[in-house]
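See structure below.
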Amino acid sequence: MGLLTRIDMAVFAAYCQSFARWKQAEAKLKKGRQIALTAHGEEKVSAWEQIARHREKEMLACAKEFGFTPASRAKVSVSKNDEEDEFAALLSR
């Protein structure tokens, strides 16, 4: 579709990094608990849960920029690429 360009790579890399860290945190959560105990025995949200929530917010923010959500995808318009037109013309000969 030609929506990503070189100038978008940093934001797309941030999305990918957030996704990878979110997956890592979710894997850790499957092995452990979402609630941790403080030194005083009080319950608190575990560090992995906090990481997962934070990375999920980052991913969703980036996803909206790239049209990766249904609502943001509805706003994306794609214009035909001249190269695609040339290729279509070659195929029709």
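How things are named: the first chain in the structure tokens is A, the next is B, and so on; residues count from 1 in each chain; ligands count from 1 in the order shown.
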
For this session: For Lys30 of chain A, please output as a list in words all residues within 12 Å (counting only C-alpha atoms; exclusion window: fewer than 4 positions along the same chain).
Result: Lys23, Gln24, Ala25, Glu26, Gln34, Trp48, Glu49 and Ala52 of chain A

For this session: Within chain A, find each residue whose DSSP state, derived from the backbone, is strand (DSSP E or B), and express the selection as a list in words.
Result: Ile35, Ala36, Leu37, Glu43, Lys44 and Val45 of chain A

For this session: Find, counting only C-alpha atoms, the residue in A:Ala39, A:Arg6, A:Ala20, A:Ser46 that gets nearest to Met59 of chain A.
Result: A:Ala20

Problem set entry | Between atom CA of Gln50 of chain A and atom CA of Lys64 of chain A - distance in Å to one decimal |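 Atom-to-atom, atom CA of Lys64 of chain A to atom CA of Gln50 of chain A, that is 21.6 Å.
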
For this session: Quick one: pull the distance between atom CA of Lys57 of chain A and atom CA of Ser18 of chain A, Å, one decimal.
Result: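 Answer for the atom CA of Lys57 of chain A to atom CA of Ser18 of chain A separation: 9.0 Å.
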
Exercise. Mind checking DSSP for chain A and telling me the helix (DSSP H, G or I) residues as an NGL selection string?
Worked result: :A and (6-31 or 47-66 or 70-73 or 82-91)

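Relative to atom CA of Lys28 of chain A, atom CA of His40 of chain A is found at 23.6 Å.
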
For this session: For Tyr15 of chain A, work out the shell of residues within 12 Å, counting only C-alpha atoms and skipping chain neighbours fewer than 6 positions away, then give it as a list of chain:residue names.
Result: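 Within the cut-off, the hits are A:Asp8, A:Met9, A:Arg21, A:Trp22, A:Arg55, A:Glu56, A:Lys57, A:Glu58, A:Met59, A:Leu60, A:Ala61, A:Cys62, A:Ala63, A:Lys64, A:Glu65, A:Phe66, A:Phe68.
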
Write out, as a compact mmCIF listing (two decimals), in the first residue's frame, the residues just selected, with N, CA and C atoms.
# COMPACT_ATOMS: atom_id res chain seq x y z
N ASP A 8 9.16 7.16 8.51
CA ASP A 8 8.29 6.52 9.51
C ASP A 8 9.00 5.44 10.32
N MET A 9 10.20 5.08 9.93
CA MET A 9 10.86 3.92 10.53
C MET A 9 11.08 4.04 12.03
N ARG A 21 8.34 -6.01 23.97
CA ARG A 21 8.40 -5.91 25.43
C ARG A 21 7.06 -6.26 26.07
N TRP A 22 5.98 -5.93 25.42
CA TRP A 22 4.66 -6.31 25.90
C TRP A 22 4.52 -7.83 25.91
N ARG A 55 3.42 -0.74 28.06
CA ARG A 55 3.77 -1.08 26.68
C ARG A 55 2.52 -1.19 25.80
N GLU A 56 1.43 -1.67 26.38
CA GLU A 56 0.19 -1.77 25.62
C GLU A 56 -0.29 -0.37 25.22
N LYS A 57 -0.19 0.59 26.12
CA LYS A 57 -0.57 1.97 25.81
C LYS A 57 0.32 2.54 24.70
N GLU A 58 1.63 2.26 24.78
CA GLU A 58 2.55 2.74 23.75
C GLU A 58 2.21 2.13 22.39
N MET A 59 1.95 0.82 22.39
CA MET A 59 1.61 0.13 21.14
C MET A 59 0.36 0.72 20.52
N LEU A 60 -0.67 0.92 21.32
CA LEU A 60 -1.92 1.46 20.79
C LEU A 60 -1.76 2.87 20.25
N ALA A 61 -0.92 3.68 20.89
CA ALA A 61 -0.68 5.02 20.39
C ALA A 61 -0.01 4.96 19.02
N CYS A 62 1.00 4.12 18.89
CA CYS A 62 1.68 3.96 17.59
C CYS A 62 0.74 3.33 16.56
N ALA A 63 -0.04 2.35 17.00
CA ALA A 63 -0.95 1.65 16.09
C ALA A 63 -1.94 2.63 15.45
N LYS A 64 -2.40 3.58 16.21
CA LYS A 64 -3.34 4.57 15.68
C LYS A 64 -2.67 5.43 14.61
N GLU A 65 -1.40 5.72 14.79
CA GLU A 65 -0.67 6.53 13.81
C GLU A 65 -0.55 5.82 12.47
N PHE A 66 -0.47 4.48 12.50
CA PHE A 66 -0.27 3.71 11.28
C PHE A 66 -1.54 3.09 10.72
N PHE A 68 -3.49 0.89 12.32
CA PHE A 68 -3.54 -0.51 12.72
C PHE A 68 -4.78 -0.85 13.55
